[in-house]
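Structure first, then comments.
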Amino acid sequence: MSWACPWAHRTIIVRKLKKLDAVIGMTVADPIRDDRGWAFREGPGHSLDPINGFHFLSEAYRATDPAYRGRVTVPVLWDTVTKRIVSNSDDDLMRMFNSAFNRFTDSTLDLYPEALRKDIDVLNDFIYENVNDGVYRAGFATSQAVYEKAVRRLFDALDQLETRLTTRRYLFGRQFVETDWRLFVTLVRFDAVYHGHFKCNIRRIADYPSLFGYLKDLYQTDGIADTVNFDHIKRHYYVTHDDINPTRIVPLGPDQDLRAPHGRER
Ligand SMILES: N[C@@H](CCC(=O)N[C@@H](CS)C(=O)NCC(=O)O)C(=O)O
């Protein structure tokens with residue numbers, strides 16, 4: 001996995017919430033990705049691959065399918081017994097961690113409760129289209145029109161989510177579900193990278209009272225702060241995307257305290 005990647009981050013959060021740390025191992029890639037792709041190296045917050053000694057994640061894909069020519073992405077779940085990748089889909093991994101390992105944990109948390117599934121799927125799609133992927137569509141746009149369309153859709157969606165979160169603590173009420181964490185991974189990166197690097201700068205999350213309180217609330221949930229590595233997040237985006245930030249300068253801000261009181265219980 002990579003601490004930088006929002007899709008990897010979601011799966012790590014479910015692993016953490018379901019207390020599967022001791023059951024499912026984790027190897028962190030170097031946040032700086034060059035044309036050889038994700039790499040395992042010794043460094044602050046990342047390491048060599050202790051399982052297979054792979055230097056690049058591409059080796060895991062090739063070991064699984066020698067004919068694979070697709071993108072080499074994080075996250076992947078590697079099976080140490082069959083020595084192949086089980087899945088590289090973060091959607092599927094979140095669901096697997098939520099329910100397929102229940103024999104190995106005493107956590108009874110269910111992030112995809114039966115009664116809410118239809119509504120969760122609808123809101124997941126809305127958040128993916130407009131927010132999770134929206135920031136990328138804005139950031140990698142190469143025409144003014146495409147950029148503007150993505151940013152307007154993104155902020156329309158954030159405005160709607162702000163309203164929704166003004167009358168309830170989490171997206172579906174008193175208990176968080178997977179959708180909250182799917183949104184969290186974009187919100188927590190927003191002011192640090194998407195606002196500047198991806199030019200999503202109509203407002204900051206800190207300018208939205210409910211969204212900012214909600215972000216702090218989720219960040220302060222047991223174990224979650226340990227999954228947020230701003231050093232990896234900022235260095236990954238600002239140093240890896242040469243076309244957007246050729247100087248590779250990593251900005252110092254923002255000066256924000258996600259541990260400050262959020263008042264969301266009220
Ligand atoms: N696995 C995700 C996609 C994950 C993804 O796009 N990860 C990015 C990092 S944020 C990545 O690994 N990019 C590498 C590349 O495109 O070469 C999915 O199920 O759609």
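Each chain in the structure tokens gets a letter, A, B and so on, in the order shown; residues start at 1 in every chain, and ligands are counted from 1 in the order they appear.
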Exercise. Please provide as a list in words all residues within 8 Å of Tyr112 of chain A, with the sequence filter that same-chain residues fewer than 5 positions apart are discarded (counting only C-alpha atoms).
Key: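 Once the nearby chain positions are removed, what remains is Arg95, Asn98, Arg117, Ile120, Val177 and Glu178 of chain A.
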File dump, residues just selected, all heavy atoms, as a PDB file, in the first residue's frame:
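Writing the result to selection_17.pdb gives the following:
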ATOM      1  N   ARG A  95     -14.805  -4.317   1.285  1.00  0.00           N
ATOM      2  CA  ARG A  95     -15.895  -5.238   1.625  1.00  0.00           C
ATOM      3  C   ARG A  95     -15.337  -6.535   2.219  1.00  0.00           C
ATOM      4  O   ARG A  95     -15.908  -7.096   3.151  1.00  0.00           O
ATOM      5  CB  ARG A  95     -16.734  -5.548   0.384  1.00  0.00           C
ATOM      6  CG  ARG A  95     -17.347  -4.314  -0.249  1.00  0.00           C
ATOM      7  CD  ARG A  95     -18.753  -4.042   0.230  1.00  0.00           C
ATOM      8  NE  ARG A  95     -19.203  -2.713  -0.164  1.00  0.00           N
ATOM      9  CZ  ARG A  95     -19.888  -2.426  -1.276  1.00  0.00           C
ATOM     10  NH1 ARG A  95     -20.215  -3.406  -2.122  1.00  0.00           N
ATOM     11  NH2 ARG A  95     -20.258  -1.186  -1.545  1.00  0.00           N
ATOM     12  N   ASN A  98     -14.295  -5.962   5.675  1.00  0.00           N
ATOM     13  CA  ASN A  98     -15.472  -5.725   6.512  1.00  0.00           C
ATOM     14  C   ASN A  98     -16.118  -7.027   6.988  1.00  0.00           C
ATOM     15  O   ASN A  98     -16.615  -7.102   8.092  1.00  0.00           O
ATOM     16  CB  ASN A  98     -16.507  -4.897   5.747  1.00  0.00           C
ATOM     17  CG  ASN A  98     -17.736  -4.583   6.585  1.00  0.00           C
ATOM     18  OD1 ASN A  98     -17.619  -4.031   7.674  1.00  0.00           O
ATOM     19  ND2 ASN A  98     -18.907  -4.957   6.094  1.00  0.00           N
ATOM     20  N   ARG A 117     -27.742  -0.856   2.295  1.00  0.00           N
ATOM     21  CA  ARG A 117     -26.882  -1.117   1.136  1.00  0.00           C
ATOM     22  C   ARG A 117     -27.237  -0.317  -0.121  1.00  0.00           C
ATOM     23  O   ARG A 117     -26.358   0.230  -0.775  1.00  0.00           O
ATOM     24  CB  ARG A 117     -26.847  -2.617   0.822  1.00  0.00           C
ATOM     25  CG  ARG A 117     -25.990  -3.320   1.831  1.00  0.00           C
ATOM     26  CD  ARG A 117     -25.746  -4.752   1.523  1.00  0.00           C
ATOM     27  NE  ARG A 117     -24.947  -5.283   2.628  1.00  0.00           N
ATOM     28  CZ  ARG A 117     -24.555  -6.526   2.737  1.00  0.00           C
ATOM     29  NH1 ARG A 117     -24.884  -7.400   1.806  1.00  0.00           N
ATOM     30  NH2 ARG A 117     -23.832  -6.902   3.760  1.00  0.00           N
ATOM     31  N   ILE A 120     -26.314   3.276   0.438  1.00  0.00           N
ATOM     32  CA  ILE A 120     -24.849   3.400   0.489  1.00  0.00           C
ATOM     33  C   ILE A 120     -24.284   3.373  -0.932  1.00  0.00           C
ATOM     34  O   ILE A 120     -23.449   4.202  -1.308  1.00  0.00           O
ATOM     35  CB  ILE A 120     -24.236   2.268   1.356  1.00  0.00           C
ATOM     36  CG1 ILE A 120     -24.502   2.550   2.838  1.00  0.00           C
ATOM     37  CG2 ILE A 120     -22.743   2.119   1.083  1.00  0.00           C
ATOM     38  CD1 ILE A 120     -23.999   1.472   3.795  1.00  0.00           C
ATOM     39  N   VAL A 177     -20.504   4.514   8.298  1.00  0.00           N
ATOM     40  CA  VAL A 177     -20.492   3.333   7.421  1.00  0.00           C
ATOM     41  C   VAL A 177     -19.346   3.531   6.423  1.00  0.00           C
ATOM     42  O   VAL A 177     -18.618   4.525   6.492  1.00  0.00           O
ATOM     43  CB  VAL A 177     -21.839   3.150   6.684  1.00  0.00           C
ATOM     44  CG1 VAL A 177     -22.973   2.904   7.668  1.00  0.00           C
ATOM     45  CG2 VAL A 177     -22.154   4.350   5.799  1.00  0.00           C
ATOM     46  N   GLU A 178     -19.191   2.609   5.473  1.00  0.00           N
ATOM     47  CA  GLU A 178     -18.033   2.700   4.574  1.00  0.00           C
ATOM     48  C   GLU A 178     -18.009   4.012   3.803  1.00  0.00           C
ATOM     49  O   GLU A 178     -16.945   4.543   3.496  1.00  0.00           O
ATOM     50  CB  GLU A 178     -17.975   1.505   3.612  1.00  0.00           C
ATOM     51  CG  GLU A 178     -19.160   1.419   2.653  1.00  0.00           C
ATOM     52  CD  GLU A 178     -18.925   0.423   1.510  1.00  0.00           C
ATOM     53  OE1 GLU A 178     -18.262  -0.610   1.711  1.00  0.00           O
ATOM     54  OE2 GLU A 178     -19.416   0.704   0.402  1.00  0.00           O
TER      55      GLU A 178
END
Practice problem: List every residue of segment 28-265 of chain A that DSSP, applied to the backbone of this structure, places in alpha helix (DSSP H), and write the result as a count of residues only. | Solution: 91
Quiz prompt | For atom CA of Ala192 of chain A and atom CA of Ala39 of chain A, the interatomic separation in Å (one decimal) | solution = 23.7 Å
Quiz prompt | Best match for closeness to ligand 1 among A:Ala141, A:Val23, A:Val76, A:Ala260, counting only C-alpha atoms and all ligand atoms | solution =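 Among A:Ala141, A:Val23, A:Val76, A:Ala260, it is A:Val76 that comes nearest to ligand 1.
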Quiz item: Using only C-alpha atoms, which residues sit within 9 Å of Arg189 of chain A once same-chain residues fewer than 6 positions away are excluded, as an MDAnalysis selection string?
Solution: chainID A and resid 4 6 195 230 233:234
Include N, CA, C and O atoms and write out the residues we just selected as a JSON list (two decimals), in the first residue's frame.
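Listed below is the output, part.json:
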[["chain", "number", "residue", "atom", "x", "y", "z"],
["A", 4, "ALA", "N", 0.10, 7.56, 0.75],
["A", 4, "ALA", "CA", -0.30, 8.72, -0.03],
["A", 4, "ALA", "C", -1.63, 8.52, -0.74],
["A", 4, "ALA", "O", -2.40, 9.45, -0.90],
["A", 6, "PRO", "N", -5.33, 7.71, -1.77],
["A", 6, "PRO", "CA", -6.63, 7.67, -1.09],
["A", 6, "PRO", "C", -7.33, 6.31, -1.22],
["A", 6, "PRO", "O", -8.06, 5.90, -0.33],
["A", 195, "HIS", "N", -6.37, 21.43, -2.79],
["A", 195, "HIS", "CA", -6.65, 22.87, -2.87],
["A", 195, "HIS", "C", -5.58, 23.59, -3.69],
["A", 195, "HIS", "O", -5.89, 24.41, -4.55],
["A", 230, "PHE", "N", 0.79, 12.77, 6.62],
["A", 230, "PHE", "CA", 0.84, 13.97, 5.77],
["A", 230, "PHE", "C", 2.17, 14.13, 5.04],
["A", 230, "PHE", "O", 2.22, 14.70, 3.95],
["A", 233, "ILE", "N", 1.76, 11.94, 2.05],
["A", 233, "ILE", "CA", 0.72, 12.49, 1.18],
["A", 233, "ILE", "C", 1.30, 13.68, 0.40],
["A", 233, "ILE", "O", 1.22, 13.73, -0.83],
["A", 234, "LYS", "N", 1.90, 14.62, 1.09],
["A", 234, "LYS", "CA", 2.37, 15.84, 0.42],
["A", 234, "LYS", "C", 3.54, 15.56, -0.52],
["A", 234, "LYS", "O", 3.57, 16.02, -1.65]]
Quiz prompt | Sel. of strand (DSSP E) residues, segment 16-239 of chain A, as a list in words | solution =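 Assigned to strand (DSSP E), within segment 16-239 of chain A: Leu77, Trp78, Asp79, Arg84, Ile85, Val86 and Ser87 of chain A.
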Output for the residues just chosen: N, CA, C and O atoms as a PDB file, in the first residue's frame:
ATOM      1  N   LEU A  77      -3.906  -6.812  -2.373  1.00  0.00           N
ATOM      2  CA  LEU A  77      -3.878  -7.808  -1.304  1.00  0.00           C
ATOM      3  C   LEU A  77      -3.124  -9.016  -1.839  1.00  0.00           C
ATOM      4  O   LEU A  77      -3.505  -9.596  -2.854  1.00  0.00           O
ATOM      5  N   TRP A  78      -2.010  -9.349  -1.171  1.00  0.00           N
ATOM      6  CA  TRP A  78      -1.127 -10.442  -1.599  1.00  0.00           C
ATOM      7  C   TRP A  78      -1.351 -11.650  -0.705  1.00  0.00           C
ATOM      8  O   TRP A  78      -1.349 -11.520   0.520  1.00  0.00           O
ATOM      9  N   ASP A  79      -1.548 -12.799  -1.314  1.00  0.00           N
ATOM     10  CA  ASP A  79      -1.729 -14.039  -0.558  1.00  0.00           C
ATOM     11  C   ASP A  79      -0.367 -14.722  -0.405  1.00  0.00           C
ATOM     12  O   ASP A  79       0.244 -15.140  -1.393  1.00  0.00           O
ATOM     13  N   ARG A  84       0.217 -14.992  -4.839  1.00  0.00           N
ATOM     14  CA  ARG A  84      -0.311 -14.153  -5.902  1.00  0.00           C
ATOM     15  C   ARG A  84      -1.225 -13.072  -5.341  1.00  0.00           C
ATOM     16  O   ARG A  84      -1.636 -13.132  -4.182  1.00  0.00           O
ATOM     17  N   ILE A  85      -1.515 -12.086  -6.199  1.00  0.00           N
ATOM     18  CA  ILE A  85      -2.411 -11.014  -5.794  1.00  0.00           C
ATOM     19  C   ILE A  85      -3.845 -11.543  -5.773  1.00  0.00           C
ATOM     20  O   ILE A  85      -4.289 -12.176  -6.734  1.00  0.00           O
ATOM     21  N   VAL A  86      -4.537 -11.291  -4.671  1.00  0.00           N
ATOM     22  CA  VAL A  86      -5.946 -11.686  -4.558  1.00  0.00           C
ATOM     23  C   VAL A  86      -6.824 -10.657  -5.257  1.00  0.00           C
ATOM     24  O   VAL A  86      -7.754 -10.987  -5.981  1.00  0.00           O
ATOM     25  N   SER A  87      -6.513  -9.373  -5.017  1.00  0.00           N
ATOM     26  CA  SER A  87      -7.321  -8.306  -5.600  1.00  0.00           C
ATOM     27  C   SER A  87      -6.540  -6.999  -5.574  1.00  0.00           C
ATOM     28  O   SER A  87      -5.722  -6.778  -4.681  1.00  0.00           O
TER      29      SER A  87
END
Practice problem: Determine the nearest neighbour of ligand 1 from the options A:Thr142, A:Thr227, A:Asn102, A:Thr240, counting only C-alpha atoms and all ligand atoms. | Solution: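 That would be A:Thr240, the residue with the smallest distance to ligand 1.
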Exercise. Please give me, as a list in words, the residues lying within 7 Å of ligand 1 when counting only C-alpha atoms and all ligand atoms.
Key: Ala4, Cys5, Pro6, Trp7, Ala8, Gly37, Arg71, Val72, Thr73, Val74, Pro75, Asn88, Ser89, Asp90 and Asp91 of chain A
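Using only C-alpha atoms, the nearest neighbour of Phe190 of chain A within the list A:Val135, A:Val151, A:Ile12, A:Ile202 is A:Val135.
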Quiz item: Suppose you want the space between atom CA of Ala138 of chain A and atom CA of Val122 of chain A; what is it in Å?
Solution: 22.5 Å
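One finds atom CA of Asp243 of chain A at 27.8 Å from atom CA of Gln256 of chain A.
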Exercise. Would you mind listing what lies within 10 Å of Leu258 of chain A as a ChimeraX atom specification, with only C-alpha atoms counted and same-chain residues fewer than 6 positions away left out?
Key: /A:188,212-213,215-220,225
Would you save the residues from that selection as an mmCIF file, in the first residue's frame, using C-alpha atoms?
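out_9.cif was written with the following content:
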data_model
loop_
_atom_site.group_PDB
_atom_site.id
_atom_site.type_symbol
_atom_site.label_atom_id
_atom_site.label_comp_id
_atom_site.auth_asym_id
_atom_site.auth_seq_id
_atom_site.Cartn_x
_atom_site.Cartn_y
_atom_site.Cartn_z
ATOM 1 C CA VAL A 188 -8.246 14.765 4.771
ATOM 2 C CA PHE A 212 -14.550 20.483 8.835
ATOM 3 C CA GLY A 213 -16.054 19.320 12.139
ATOM 4 C CA LEU A 215 -13.377 15.630 9.163
ATOM 5 C CA LYS A 216 -11.953 16.229 12.663
ATOM 6 C CA ASP A 217 -14.482 13.822 14.180
ATOM 7 C CA LEU A 218 -13.468 11.025 11.793
ATOM 8 C CA TYR A 219 -9.765 11.850 12.215
ATOM 9 C CA GLN A 220 -10.152 11.524 16.009
ATOM 10 C CA ALA A 225 -4.850 9.368 13.030
#
Quiz prompt | Selection: 10 Å around Ser107 of chain A, only C-alpha atoms, excl. self and same-chain fewer than 3 positions, as number ranges by chain | solution = A: 17-20, 98, 102-104, 110
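Around Glu42 of chain A, within 12 Å and counting only C-alpha atoms, the residues found are Thr27, Val28, Ala29, Asp30, Pro31, Ala39, Gly45, His46, Ser47, Leu48, Asp49, Pro50, Gly53 and His55 of chain A, once anything fewer than 3 positions away on its own chain is removed.
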Exercise. Find, counting only C-alpha atoms, the residue in A:Tyr147, A:His262, A:Val185, A:Thr167 that gets nearest to Val228 of chain A.
Key: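 Under the stated criterion, the closest residue is A:Val185.
Considering only C-alpha atoms, the residue among A:Gln175, A:Asn130, A:Ser99, A:Asn245 positioned nearest to Lys199 of chain A is A:Asn245.
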Practice problem: Go through A:Phe40, A:Tyr136, A:Phe126, A:Trp181 one by one, measure the shortest atom-to-atom distance of each to Met94 of chain A using only C-alpha atoms, and give the residue with the smallest value. | Solution: A:Trp181
Quiz prompt | His241 of chain A surroundings by only C-alpha atoms, 12 Å radius, close-in-sequence under 3 positions cut, as a list in words | solution =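 Near His241 of chain A, the qualifying residues are Pro31, Ile32, Arg33, Asp34, Asp35, Tyr136, Gly139, Phe140, Val193, His197, Phe198, Lys234, Arg235, His236, Tyr237, Tyr238, Ile244, Asn245, Pro246, Thr247, Arg248, Ile249 and Val250 of chain A.
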